[in-house]
$ cat upload_26.txt   # compact mmCIF, N, CA and C atoms and all ligand atoms
# COMPACT_ATOMS: atom_id res chain seq x y z
N MET A 1457 -13.05 -3.57 -11.92
CA MET A 1457 -12.50 -4.58 -10.99
C MET A 1457 -10.99 -4.72 -11.20
N LEU A 1458 -10.26 -4.75 -10.12
CA LEU A 1458 -8.80 -4.87 -10.22
C LEU A 1458 -8.38 -6.32 -10.37
N ARG A 1459 -7.27 -6.53 -11.05
CA ARG A 1459 -6.73 -7.87 -11.24
C ARG A 1459 -5.50 -8.07 -10.36
N ASP A 1460 -5.27 -9.31 -9.95
CA ASP A 1460 -4.05 -9.62 -9.19
C ASP A 1460 -2.80 -9.28 -9.98
N GLU A 1461 -1.84 -8.72 -9.30
CA GLU A 1461 -0.53 -8.48 -9.90
C GLU A 1461 0.49 -9.37 -9.19
N GLN A 1462 1.73 -9.28 -9.64
CA GLN A 1462 2.78 -10.15 -9.11
C GLN A 1462 3.27 -9.73 -7.72
N ASN A 1463 3.15 -8.46 -7.43
CA ASN A 1463 3.81 -7.93 -6.23
C ASN A 1463 2.83 -7.33 -5.25
N GLN A 1464 3.19 -7.52 -4.00
CA GLN A 1464 2.37 -7.05 -2.91
C GLN A 1464 2.72 -5.59 -2.60
N CYS A 1465 1.72 -4.79 -2.43
CA CYS A 1465 1.95 -3.40 -2.05
C CYS A 1465 2.48 -3.37 -0.61
N PRO A 1466 3.54 -2.60 -0.36
CA PRO A 1466 4.09 -2.55 1.00
C PRO A 1466 3.16 -1.89 2.00
N CYS A 1467 2.19 -1.16 1.51
CA CYS A 1467 1.31 -0.43 2.42
C CYS A 1467 0.03 -1.19 2.73
N CYS A 1468 -0.70 -1.63 1.71
CA CYS A 1468 -2.02 -2.24 1.97
C CYS A 1468 -1.99 -3.76 1.93
N ASP A 1469 -0.86 -4.34 1.47
CA ASP A 1469 -0.69 -5.80 1.41
C ASP A 1469 -1.53 -6.49 0.33
N TYR A 1470 -2.18 -5.73 -0.52
CA TYR A 1470 -2.84 -6.34 -1.67
C TYR A 1470 -1.81 -6.61 -2.76
N TYR A 1471 -2.08 -7.62 -3.59
CA TYR A 1471 -1.22 -7.89 -4.74
C TYR A 1471 -1.65 -6.97 -5.88
N SER A 1472 -1.17 -5.76 -5.82
CA SER A 1472 -1.66 -4.70 -6.70
C SER A 1472 -0.58 -4.08 -7.57
N LEU A 1473 0.66 -4.54 -7.44
CA LEU A 1473 1.75 -3.89 -8.17
C LEU A 1473 2.39 -4.85 -9.19
N ALA A 1474 2.51 -4.39 -10.44
CA ALA A 1474 3.12 -5.20 -11.49
C ALA A 1474 4.62 -5.34 -11.29
N ARG A 1475 5.22 -4.36 -10.65
CA ARG A 1475 6.66 -4.36 -10.39
C ARG A 1475 6.89 -3.60 -9.09
N ARG A 1476 8.09 -3.67 -8.57
CA ARG A 1476 8.39 -3.00 -7.32
C ARG A 1476 9.39 -1.88 -7.52
N SER A 1477 9.34 -0.94 -6.61
CA SER A 1477 10.31 0.15 -6.50
C SER A 1477 10.39 1.01 -7.76
N ALA A 1478 9.29 1.10 -8.49
CA ALA A 1478 9.28 1.84 -9.76
C ALA A 1478 8.38 3.08 -9.67
N HIS A 1479 8.07 3.47 -8.45
CA HIS A 1479 7.21 4.63 -8.22
C HIS A 1479 5.83 4.48 -8.84
N ASP A 1480 5.38 3.23 -8.98
CA ASP A 1480 3.99 3.00 -9.36
C ASP A 1480 3.11 3.35 -8.16
N VAL A 1481 1.95 3.87 -8.46
CA VAL A 1481 1.01 4.20 -7.39
C VAL A 1481 0.02 3.05 -7.24
N CYS A 1482 -0.10 2.57 -6.04
CA CYS A 1482 -1.02 1.46 -5.77
C CYS A 1482 -2.46 1.93 -5.96
N PRO A 1483 -3.24 1.22 -6.78
CA PRO A 1483 -4.63 1.63 -6.99
C PRO A 1483 -5.52 1.39 -5.77
N VAL A 1484 -5.06 0.54 -4.88
CA VAL A 1484 -5.88 0.21 -3.71
C VAL A 1484 -5.74 1.26 -2.61
N CYS A 1485 -4.50 1.67 -2.32
CA CYS A 1485 -4.30 2.57 -1.18
C CYS A 1485 -3.62 3.89 -1.55
N TYR A 1486 -3.15 3.99 -2.79
CA TYR A 1486 -2.48 5.19 -3.30
C TYR A 1486 -1.10 5.45 -2.70
N TRP A 1487 -0.50 4.42 -2.13
CA TRP A 1487 0.91 4.53 -1.73
C TRP A 1487 1.76 4.54 -2.99
N GLU A 1488 2.74 5.43 -3.08
CA GLU A 1488 3.68 5.43 -4.20
C GLU A 1488 4.85 4.54 -3.84
N ASP A 1489 5.07 3.51 -4.62
CA ASP A 1489 6.06 2.50 -4.26
C ASP A 1489 7.48 2.95 -4.61
N ASP A 1490 8.13 3.57 -3.65
CA ASP A 1490 9.50 4.03 -3.85
C ASP A 1490 10.50 3.00 -3.32
N GLY A 1491 10.03 1.81 -3.03
CA GLY A 1491 10.94 0.76 -2.58
C GLY A 1491 10.93 0.55 -1.09
N THR A 1492 10.35 1.48 -0.36
CA THR A 1492 10.24 1.31 1.09
C THR A 1492 9.46 0.04 1.40
N ASP A 1493 9.94 -0.71 2.36
CA ASP A 1493 9.19 -1.91 2.76
C ASP A 1493 9.23 -2.04 4.28
N LEU A 1494 8.78 -3.15 4.78
CA LEU A 1494 8.59 -3.27 6.23
C LEU A 1494 9.87 -3.08 7.02
N ASP A 1495 11.02 -3.36 6.39
CA ASP A 1495 12.28 -3.20 7.12
C ASP A 1495 12.67 -1.73 7.30
N ARG A 1496 11.97 -0.83 6.62
CA ARG A 1496 12.25 0.60 6.78
C ARG A 1496 10.96 1.37 7.09
N MET A 1497 10.16 0.75 7.90
CA MET A 1497 8.82 1.25 8.13
C MET A 1497 8.77 2.59 8.85
N ASN A 1498 9.81 2.91 9.59
CA ASN A 1498 9.79 4.15 10.38
C ASN A 1498 10.59 5.29 9.75
N GLU A 1499 11.05 5.07 8.51
CA GLU A 1499 11.70 6.16 7.77
C GLU A 1499 10.63 6.90 6.97
N VAL A 1500 10.75 8.22 6.93
CA VAL A 1500 9.80 8.98 6.10
C VAL A 1500 10.10 8.70 4.63
N SER A 1501 9.10 8.22 3.92
CA SER A 1501 9.24 7.96 2.49
C SER A 1501 9.19 9.29 1.76
N SER A 1502 10.22 9.58 0.96
CA SER A 1502 10.26 10.90 0.30
C SER A 1502 9.13 11.04 -0.72
N ALA A 1503 8.71 9.95 -1.32
CA ALA A 1503 7.64 10.01 -2.31
C ALA A 1503 6.28 10.22 -1.66
N ASN A 1504 6.13 9.68 -0.46
CA ASN A 1504 4.81 9.72 0.18
C ASN A 1504 4.71 10.74 1.33
N HIS A 1505 5.85 11.25 1.74
CA HIS A 1505 5.93 12.28 2.78
C HIS A 1505 5.45 11.79 4.15
N ILE A 1506 5.28 10.51 4.29
CA ILE A 1506 4.94 9.92 5.58
C ILE A 1506 5.73 8.62 5.71
N THR A 1507 5.75 8.03 6.89
CA THR A 1507 6.40 6.73 7.04
C THR A 1507 5.45 5.64 6.55
N LEU A 1508 6.03 4.51 6.20
CA LEU A 1508 5.20 3.37 5.80
C LEU A 1508 4.33 2.93 6.98
N PHE A 1509 4.89 3.06 8.17
CA PHE A 1509 4.11 2.71 9.35
C PHE A 1509 2.82 3.53 9.41
N THR A 1510 2.94 4.83 9.19
CA THR A 1510 1.76 5.69 9.20
C THR A 1510 0.82 5.34 8.05
N GLY A 1511 1.39 5.07 6.88
CA GLY A 1511 0.56 4.68 5.73
C GLY A 1511 -0.24 3.43 6.02
N ARG A 1512 0.41 2.46 6.65
CA ARG A 1512 -0.29 1.21 6.97
C ARG A 1512 -1.37 1.44 8.03
N GLN A 1513 -1.06 2.28 8.99
CA GLN A 1513 -2.06 2.63 10.00
C GLN A 1513 -3.25 3.34 9.36
N ASN A 1514 -2.95 4.26 8.45
CA ASN A 1514 -4.02 4.99 7.76
C ASN A 1514 -4.89 4.02 6.96
N PHE A 1515 -4.25 3.11 6.23
CA PHE A 1515 -5.04 2.17 5.44
C PHE A 1515 -5.96 1.35 6.34
N GLY A 1516 -5.44 0.93 7.47
CA GLY A 1516 -6.26 0.18 8.41
C GLY A 1516 -7.41 1.01 8.97
N ALA A 1517 -7.15 2.29 9.16
CA ALA A 1517 -8.15 3.14 9.79
C ALA A 1517 -9.23 3.60 8.82
N PHE A 1518 -8.82 4.00 7.60
CA PHE A 1518 -9.85 4.55 6.69
C PHE A 1518 -9.68 4.12 5.23
N GLY A 1519 -8.81 3.17 4.94
CA GLY A 1519 -8.78 2.58 3.60
C GLY A 1519 -7.99 3.33 2.56
N ALA A 1520 -7.09 4.20 2.98
CA ALA A 1520 -6.18 4.87 2.05
C ALA A 1520 -4.88 5.14 2.80
N SER A 1521 -3.77 5.25 2.04
CA SER A 1521 -2.49 5.47 2.70
C SER A 1521 -2.42 6.85 3.33
N ASP A 1522 -3.23 7.76 2.81
CA ASP A 1522 -3.21 9.13 3.28
C ASP A 1522 -4.61 9.72 3.11
N GLN A 1523 -4.98 10.57 4.02
CA GLN A 1523 -6.31 11.19 3.99
C GLN A 1523 -6.60 11.86 2.64
N ALA A 1524 -5.58 12.49 2.06
CA ALA A 1524 -5.77 13.23 0.81
C ALA A 1524 -6.13 12.32 -0.36
N ALA A 1525 -5.81 11.04 -0.24
CA ALA A 1525 -6.04 10.10 -1.35
C ALA A 1525 -7.37 9.37 -1.21
N LEU A 1526 -8.11 9.72 -0.20
CA LEU A 1526 -9.33 8.96 0.12
C LEU A 1526 -10.32 8.88 -1.05
N SER A 1527 -10.42 9.94 -1.82
CA SER A 1527 -11.38 9.95 -2.93
C SER A 1527 -10.83 9.26 -4.17
N LEU A 1528 -9.55 8.89 -4.15
CA LEU A 1528 -8.89 8.33 -5.34
C LEU A 1528 -8.74 6.82 -5.29
N VAL A 1529 -8.82 6.25 -4.13
CA VAL A 1529 -8.53 4.82 -3.98
C VAL A 1529 -9.68 3.95 -4.49
N ALA A 1530 -9.36 2.67 -4.72
CA ALA A 1530 -10.37 1.71 -5.16
C ALA A 1530 -11.42 1.54 -4.07
N THR A 1531 -12.64 1.34 -4.49
CA THR A 1531 -13.70 1.06 -3.53
C THR A 1531 -13.55 -0.37 -3.03
N PRO A 1532 -14.13 -0.69 -1.88
CA PRO A 1532 -14.07 -2.08 -1.39
C PRO A 1532 -14.56 -3.07 -2.45
N ASP A 1533 -15.55 -2.66 -3.23
CA ASP A 1533 -16.07 -3.50 -4.31
C ASP A 1533 -15.03 -3.74 -5.39
N GLU A 1534 -14.35 -2.69 -5.79
CA GLU A 1534 -13.34 -2.79 -6.86
C GLU A 1534 -12.16 -3.65 -6.44
N ARG A 1535 -11.84 -3.65 -5.17
CA ARG A 1535 -10.68 -4.41 -4.73
C ARG A 1535 -11.06 -5.80 -4.22
N SER A 1536 -12.33 -6.13 -4.25
CA SER A 1536 -12.79 -7.38 -3.62
C SER A 1536 -12.21 -8.63 -4.28
N GLY A 1537 -11.87 -8.55 -5.58
CA GLY A 1537 -11.34 -9.72 -6.26
C GLY A 1537 -9.84 -9.86 -6.14
N LEU A 1538 -9.22 -8.92 -5.49
CA LEU A 1538 -7.76 -8.86 -5.43
C LEU A 1538 -7.23 -9.65 -4.24
N ARG A 1539 -6.15 -10.39 -4.48
CA ARG A 1539 -5.57 -11.20 -3.42
C ARG A 1539 -4.86 -10.32 -2.39
N ARG A 1540 -5.02 -10.69 -1.14
CA ARG A 1540 -4.34 -9.94 -0.07
C ARG A 1540 -3.84 -10.92 0.97
N GLU A 1541 -2.59 -10.78 1.33
CA GLU A 1541 -2.05 -11.53 2.46
C GLU A 1541 -1.58 -10.50 3.46
N GLN A 1542 -2.35 -10.31 4.46
CA GLN A 1542 -2.01 -9.27 5.43
C GLN A 1542 -0.79 -9.68 6.23
N ARG A 1543 0.17 -8.78 6.31
CA ARG A 1543 1.41 -9.05 7.04
C ARG A 1543 1.33 -8.37 8.39
N ALA A 1544 1.78 -9.08 9.39
CA ALA A 1544 1.81 -8.50 10.72
C ALA A 1544 2.91 -7.45 10.76
N THR A 1545 2.64 -6.36 11.41
CA THR A 1545 3.68 -5.33 11.53
C THR A 1545 3.90 -4.98 12.99
N TYR A 1546 5.15 -5.00 13.34
CA TYR A 1546 5.56 -4.60 14.68
C TYR A 1546 6.65 -3.58 14.52
N HIS A 1547 6.75 -2.70 15.44
CA HIS A 1547 7.79 -1.67 15.30
C HIS A 1547 8.41 -1.40 16.65
ZN ZN B 1601 -1.48 -0.43 -1.62
$ encode --input "upload_26.txt" --output "structure tokens" --more "lines below"
Ligand SMILES: [Zn+2]
Amino acid sequence: MLRDEQNQCPCCDYYSLARRSAHDVCPVCYWEDDGTDLDRMNEVSSANHITLFTGRQNFGAFGASDQAALSLVATPDERSGLRREQRATYH
């Protein structure tokens, strides 16, 4: 079971990151946190090779930031105790 962290993941909006912009990989969605956030959603993230917009769409569609990470992400059960504040995204 995952525990709440201080920082919200820019991709899945769960509080899953102990720090920001340190290239930590989110256990919930497998986005690598290179500092990209909603204000740069349409720039291709060099660490993730996709835009944050696409990562967020992917998480909404199938529960991982990228198809390749699907087998690595936390299960719905594992993330069920984790706080999430979903942020609206417009582009
Ligand atoms: Zn995440």
$ residues_near_point --input "upload_26.txt" --point "(-6.9, -0.2, -4.4)" --cutoff "6 Å" --atoms "only C-alpha atoms" --output "PyMOL selection string"
chain A and resi 1483-1485+1529-1530+1535
$ closest_residue --input "upload_26.txt" --among "A:Thr1545, A:Gln1462, A:Ser1502, A:Thr1510" --to "Arg1475 in chain A" --atoms "only N, CA and C atoms"
A:Gln1462
$ select_by_dssp --input "upload_26.txt" --residues "chain A" --states "alpha helix (DSSP H)" --output "PyMOL selection string"
chain A and resi 1508-1518
$ write_last_selection --input "upload_26.txt" --atoms "N, CA and C atoms" --output "mmCIF file, in the coordinates of the input"
data_model
loop_
_atom_site.group_PDB
_atom_site.id
_atom_site.type_symbol
_atom_site.label_atom_id
_atom_site.label_comp_id
_atom_site.auth_asym_id
_atom_site.auth_seq_id
_atom_site.Cartn_x
_atom_site.Cartn_y
_atom_site.Cartn_z
ATOM 1 N N LEU A 1508 6.030 4.510 6.200
ATOM 2 C CA LEU A 1508 5.200 3.370 5.800
ATOM 3 C C LEU A 1508 4.330 2.930 6.980
ATOM 4 N N PHE A 1509 4.890 3.060 8.170
ATOM 5 C CA PHE A 1509 4.110 2.710 9.350
ATOM 6 C C PHE A 1509 2.820 3.530 9.410
ATOM 7 N N THR A 1510 2.940 4.830 9.190
ATOM 8 C CA THR A 1510 1.760 5.690 9.200
ATOM 9 C C THR A 1510 0.820 5.340 8.050
ATOM 10 N N GLY A 1511 1.390 5.070 6.880
ATOM 11 C CA GLY A 1511 0.560 4.680 5.730
ATOM 12 C C GLY A 1511 -0.240 3.430 6.020
ATOM 13 N N ARG A 1512 0.410 2.460 6.650
ATOM 14 C CA ARG A 1512 -0.290 1.210 6.970
ATOM 15 C C ARG A 1512 -1.370 1.440 8.030
ATOM 16 N N GLN A 1513 -1.060 2.280 8.990
ATOM 17 C CA GLN A 1513 -2.060 2.630 10.000
ATOM 18 C C GLN A 1513 -3.250 3.340 9.360
ATOM 19 N N ASN A 1514 -2.950 4.260 8.450
ATOM 20 C CA ASN A 1514 -4.020 4.990 7.760
ATOM 21 C C ASN A 1514 -4.890 4.020 6.960
ATOM 22 N N PHE A 1515 -4.250 3.110 6.230
ATOM 23 C CA PHE A 1515 -5.040 2.170 5.440
ATOM 24 C C PHE A 1515 -5.960 1.350 6.340
ATOM 25 N N GLY A 1516 -5.440 0.930 7.470
ATOM 26 C CA GLY A 1516 -6.260 0.180 8.410
ATOM 27 C C GLY A 1516 -7.410 1.010 8.970
ATOM 28 N N ALA A 1517 -7.150 2.290 9.160
ATOM 29 C CA ALA A 1517 -8.150 3.140 9.790
ATOM 30 C C ALA A 1517 -9.230 3.600 8.820
ATOM 31 N N PHE A 1518 -8.820 4.000 7.600
ATOM 32 C CA PHE A 1518 -9.850 4.550 6.690
ATOM 33 C C PHE A 1518 -9.680 4.120 5.230
#
$ residues_near_ligand --input "upload_26.txt" --ligand "ligand ZN 1601 (chain B)" --cutoff "8 Å" --atoms "all atoms listed in the file" --output "list in words"
Gln1464, Cys1465, Pro1466, Cys1467, Cys1468, Asp1469, Tyr1470, Tyr1471, Ser1472, Leu1473, Val1481, Cys1482, Pro1483, Val1484, Cys1485, Tyr1486, Trp1487, Glu1488, Ala1520 and Ser1521 of chain A
$ select_by_dssp --input "upload_26.txt" --residues "chain A" --states "strand (DSSP E)" --output "PDB file with N, CA and C atoms, keeping the file's coordinate frame"
ATOM      1  N   ASN A1463       3.150  -8.460  -7.430  1.00  0.00           N
ATOM      2  CA  ASN A1463       3.810  -7.930  -6.230  1.00  0.00           C
ATOM      3  C   ASN A1463       2.830  -7.330  -5.250  1.00  0.00           C
ATOM      4  N   GLN A1464       3.190  -7.520  -4.000  1.00  0.00           N
ATOM      5  CA  GLN A1464       2.370  -7.050  -2.910  1.00  0.00           C
ATOM      6  C   GLN A1464       2.720  -5.590  -2.600  1.00  0.00           C
ATOM      7  N   TYR A1471      -2.080  -7.620  -3.590  1.00  0.00           N
ATOM      8  CA  TYR A1471      -1.220  -7.890  -4.740  1.00  0.00           C
ATOM      9  C   TYR A1471      -1.650  -6.970  -5.880  1.00  0.00           C
ATOM     10  N   SER A1472      -1.170  -5.760  -5.820  1.00  0.00           N
ATOM     11  CA  SER A1472      -1.660  -4.700  -6.700  1.00  0.00           C
ATOM     12  C   SER A1472      -0.580  -4.080  -7.570  1.00  0.00           C
ATOM     13  N   LEU A1473       0.660  -4.540  -7.440  1.00  0.00           N
ATOM     14  CA  LEU A1473       1.750  -3.890  -8.170  1.00  0.00           C
ATOM     15  C   LEU A1473       2.390  -4.850  -9.190  1.00  0.00           C
TER      16      LEU A1473
END
$ closest_residue --input "upload_26.txt" --among "A:Leu1508, A:Gly1516, A:Gln1523, A:Thr1531" --to "Arg1496 in chain A" --atoms "all atoms listed in the file"
A:Leu1508
$ atom_distance --input "upload_26.txt" --atom1 "atom N of Glu1534 in chain A" --atom2 "CA of Leu1458 in chain A"
7.4 Å
$ atom_distance --input "upload_26.txt" --atom1 "CA of Ser1536 in chain A" --atom2 "atom N of Gly1519 in chain A"
14.2 Å
$ atom_distance --input "upload_26.txt" --atom1 "CA of Pro1532 in chain A" --atom2 "atom N of Asn1514 in chain A"
16.1 Å
$ residues_around --input "upload_26.txt" --residues "Thr1507 in chain A" --least-positions-apart "5" --cutoff "9 Å" --atoms "only C-alpha atoms" --output "NGL selection string"
:A and (1492 or 1496-1502 or 1512)
$ closest_residue --input "upload_26.txt" --among "A:Met1457, A:Leu1494, A:Phe1509, A:Ala1517" --to "Asp1533 in chain A" --atoms "only N, CA and C atoms"
A:Met1457
$ residues_around --input "upload_26.txt" --residues "Ala1478 in chain A" --least-positions-apart "3" --cutoff "6.5 Å" --atoms "all atoms listed in the file" --output "number ranges by chain"
A: 1475, 1489-1491
$ build_atoms --input "upload_26.txt" --residues "range 1528-1539 of chain A" --atoms "all heavy atoms" --output "PDB file, in the coordinates of the input"
ATOM      1  N   LEU A1528      -9.550   8.890  -4.150  1.00  0.00           N
ATOM      2  CA  LEU A1528      -8.890   8.330  -5.340  1.00  0.00           C
ATOM      3  C   LEU A1528      -8.740   6.820  -5.290  1.00  0.00           C
ATOM      4  O   LEU A1528      -8.538   6.170  -6.316  1.00  0.00           O
ATOM      5  CB  LEU A1528      -7.492   8.947  -5.499  1.00  0.00           C
ATOM      6  CG  LEU A1528      -7.434  10.471  -5.576  1.00  0.00           C
ATOM      7  CD1 LEU A1528      -5.999  10.957  -5.437  1.00  0.00           C
ATOM      8  CD2 LEU A1528      -8.023  10.954  -6.897  1.00  0.00           C
ATOM      9  N   VAL A1529      -8.820   6.250  -4.130  1.00  0.00           N
ATOM     10  CA  VAL A1529      -8.530   4.820  -3.980  1.00  0.00           C
ATOM     11  C   VAL A1529      -9.680   3.950  -4.490  1.00  0.00           C
ATOM     12  O   VAL A1529     -10.806   4.412  -4.649  1.00  0.00           O
ATOM     13  CB  VAL A1529      -8.235   4.451  -2.501  1.00  0.00           C
ATOM     14  CG1 VAL A1529      -6.977   5.163  -2.025  1.00  0.00           C
ATOM     15  CG2 VAL A1529      -9.406   4.764  -1.595  1.00  0.00           C
ATOM     16  N   ALA A1530      -9.360   2.670  -4.720  1.00  0.00           N
ATOM     17  CA  ALA A1530     -10.370   1.710  -5.160  1.00  0.00           C
ATOM     18  C   ALA A1530     -11.420   1.540  -4.070  1.00  0.00           C
ATOM     19  O   ALA A1530     -11.120   1.584  -2.882  1.00  0.00           O
ATOM     20  CB  ALA A1530      -9.697   0.372  -5.452  1.00  0.00           C
ATOM     21  N   THR A1531     -12.640   1.340  -4.490  1.00  0.00           N
ATOM     22  CA  THR A1531     -13.700   1.060  -3.530  1.00  0.00           C
ATOM     23  C   THR A1531     -13.550  -0.370  -3.030  1.00  0.00           C
ATOM     24  O   THR A1531     -12.895  -1.189  -3.680  1.00  0.00           O
ATOM     25  CB  THR A1531     -15.093   1.190  -4.189  1.00  0.00           C
ATOM     26  OG1 THR A1531     -15.195   0.177  -5.197  1.00  0.00           O
ATOM     27  CG2 THR A1531     -15.293   2.564  -4.800  1.00  0.00           C
ATOM     28  N   PRO A1532     -14.130  -0.690  -1.880  1.00  0.00           N
ATOM     29  CA  PRO A1532     -14.070  -2.080  -1.390  1.00  0.00           C
ATOM     30  C   PRO A1532     -14.560  -3.070  -2.450  1.00  0.00           C
ATOM     31  O   PRO A1532     -14.043  -4.177  -2.570  1.00  0.00           O
ATOM     32  CB  PRO A1532     -14.999  -2.055  -0.169  1.00  0.00           C
ATOM     33  CG  PRO A1532     -14.907  -0.651   0.325  1.00  0.00           C
ATOM     34  CD  PRO A1532     -14.785   0.202  -0.921  1.00  0.00           C
ATOM     35  N   ASP A1533     -15.550  -2.660  -3.230  1.00  0.00           N
ATOM     36  CA  ASP A1533     -16.070  -3.500  -4.310  1.00  0.00           C
ATOM     37  C   ASP A1533     -15.030  -3.740  -5.390  1.00  0.00           C
ATOM     38  O   ASP A1533     -14.822  -4.864  -5.857  1.00  0.00           O
ATOM     39  CB  ASP A1533     -17.289  -2.805  -4.924  1.00  0.00           C
ATOM     40  CG  ASP A1533     -18.359  -3.794  -5.288  1.00  0.00           C
ATOM     41  OD1 ASP A1533     -18.460  -4.820  -4.586  1.00  0.00           O
ATOM     42  OD2 ASP A1533     -19.080  -3.542  -6.270  1.00  0.00           O
ATOM     43  N   GLU A1534     -14.350  -2.690  -5.790  1.00  0.00           N
ATOM     44  CA  GLU A1534     -13.340  -2.790  -6.860  1.00  0.00           C
ATOM     45  C   GLU A1534     -12.160  -3.650  -6.440  1.00  0.00           C
ATOM     46  O   GLU A1534     -11.523  -4.301  -7.268  1.00  0.00           O
ATOM     47  CB  GLU A1534     -12.835  -1.387  -7.229  1.00  0.00           C
ATOM     48  CG  GLU A1534     -13.810  -0.581  -8.057  1.00  0.00           C
ATOM     49  CD  GLU A1534     -13.407   0.882  -8.197  1.00  0.00           C
ATOM     50  OE1 GLU A1534     -12.773   1.439  -7.271  1.00  0.00           O
ATOM     51  OE2 GLU A1534     -13.736   1.459  -9.228  1.00  0.00           O
ATOM     52  N   ARG A1535     -11.840  -3.650  -5.170  1.00  0.00           N
ATOM     53  CA  ARG A1535     -10.680  -4.410  -4.730  1.00  0.00           C
ATOM     54  C   ARG A1535     -11.060  -5.800  -4.220  1.00  0.00           C
ATOM     55  O   ARG A1535     -10.185  -6.566  -3.792  1.00  0.00           O
ATOM     56  CB  ARG A1535      -9.888  -3.631  -3.675  1.00  0.00           C
ATOM     57  CG  ARG A1535     -10.579  -3.558  -2.325  1.00  0.00           C
ATOM     58  CD  ARG A1535      -9.819  -2.643  -1.380  1.00  0.00           C
ATOM     59  NE  ARG A1535     -10.287  -2.830  -0.022  1.00  0.00           N
ATOM     60  CZ  ARG A1535     -10.390  -1.865   0.895  1.00  0.00           C
ATOM     61  NH1 ARG A1535     -10.060  -0.635   0.594  1.00  0.00           N
ATOM     62  NH2 ARG A1535     -10.814  -2.145   2.108  1.00  0.00           N
ATOM     63  N   SER A1536     -12.330  -6.130  -4.250  1.00  0.00           N
ATOM     64  CA  SER A1536     -12.790  -7.380  -3.620  1.00  0.00           C
ATOM     65  C   SER A1536     -12.210  -8.630  -4.280  1.00  0.00           C
ATOM     66  O   SER A1536     -12.077  -9.661  -3.627  1.00  0.00           O
ATOM     67  CB  SER A1536     -14.316  -7.428  -3.614  1.00  0.00           C
ATOM     68  OG  SER A1536     -14.792  -7.470  -4.940  1.00  0.00           O
ATOM     69  N   GLY A1537     -11.870  -8.550  -5.580  1.00  0.00           N
ATOM     70  CA  GLY A1537     -11.340  -9.720  -6.260  1.00  0.00           C
ATOM     71  C   GLY A1537      -9.840  -9.860  -6.140  1.00  0.00           C
ATOM     72  O   GLY A1537      -9.247 -10.815  -6.638  1.00  0.00           O
ATOM     73  N   LEU A1538      -9.220  -8.920  -5.490  1.00  0.00           N
ATOM     74  CA  LEU A1538      -7.760  -8.860  -5.430  1.00  0.00           C
ATOM     75  C   LEU A1538      -7.230  -9.650  -4.240  1.00  0.00           C
ATOM     76  O   LEU A1538      -7.781  -9.583  -3.147  1.00  0.00           O
ATOM     77  CB  LEU A1538      -7.357  -7.390  -5.285  1.00  0.00           C
ATOM     78  CG  LEU A1538      -6.032  -6.918  -5.851  1.00  0.00           C
ATOM     79  CD1 LEU A1538      -5.934  -7.228  -7.337  1.00  0.00           C
ATOM     80  CD2 LEU A1538      -5.923  -5.406  -5.653  1.00  0.00           C
ATOM     81  N   ARG A1539      -6.150 -10.390  -4.480  1.00  0.00           N
ATOM     82  CA  ARG A1539      -5.570 -11.200  -3.420  1.00  0.00           C
ATOM     83  C   ARG A1539      -4.860 -10.320  -2.390  1.00  0.00           C
ATOM     84  O   ARG A1539      -4.198  -9.347  -2.737  1.00  0.00           O
ATOM     85  CB  ARG A1539      -4.560 -12.184  -4.031  1.00  0.00           C
ATOM     86  CG  ARG A1539      -4.012 -13.206  -3.063  1.00  0.00           C
ATOM     87  CD  ARG A1539      -3.479 -14.396  -3.830  1.00  0.00           C
ATOM     88  NE  ARG A1539      -2.366 -14.047  -4.704  1.00  0.00           N
ATOM     89  CZ  ARG A1539      -1.085 -14.306  -4.414  1.00  0.00           C
ATOM     90  NH1 ARG A1539      -0.772 -14.892  -3.279  1.00  0.00           N
ATOM     91  NH2 ARG A1539      -0.133 -13.988  -5.265  1.00  0.00           N
TER      92      ARG A1539
END
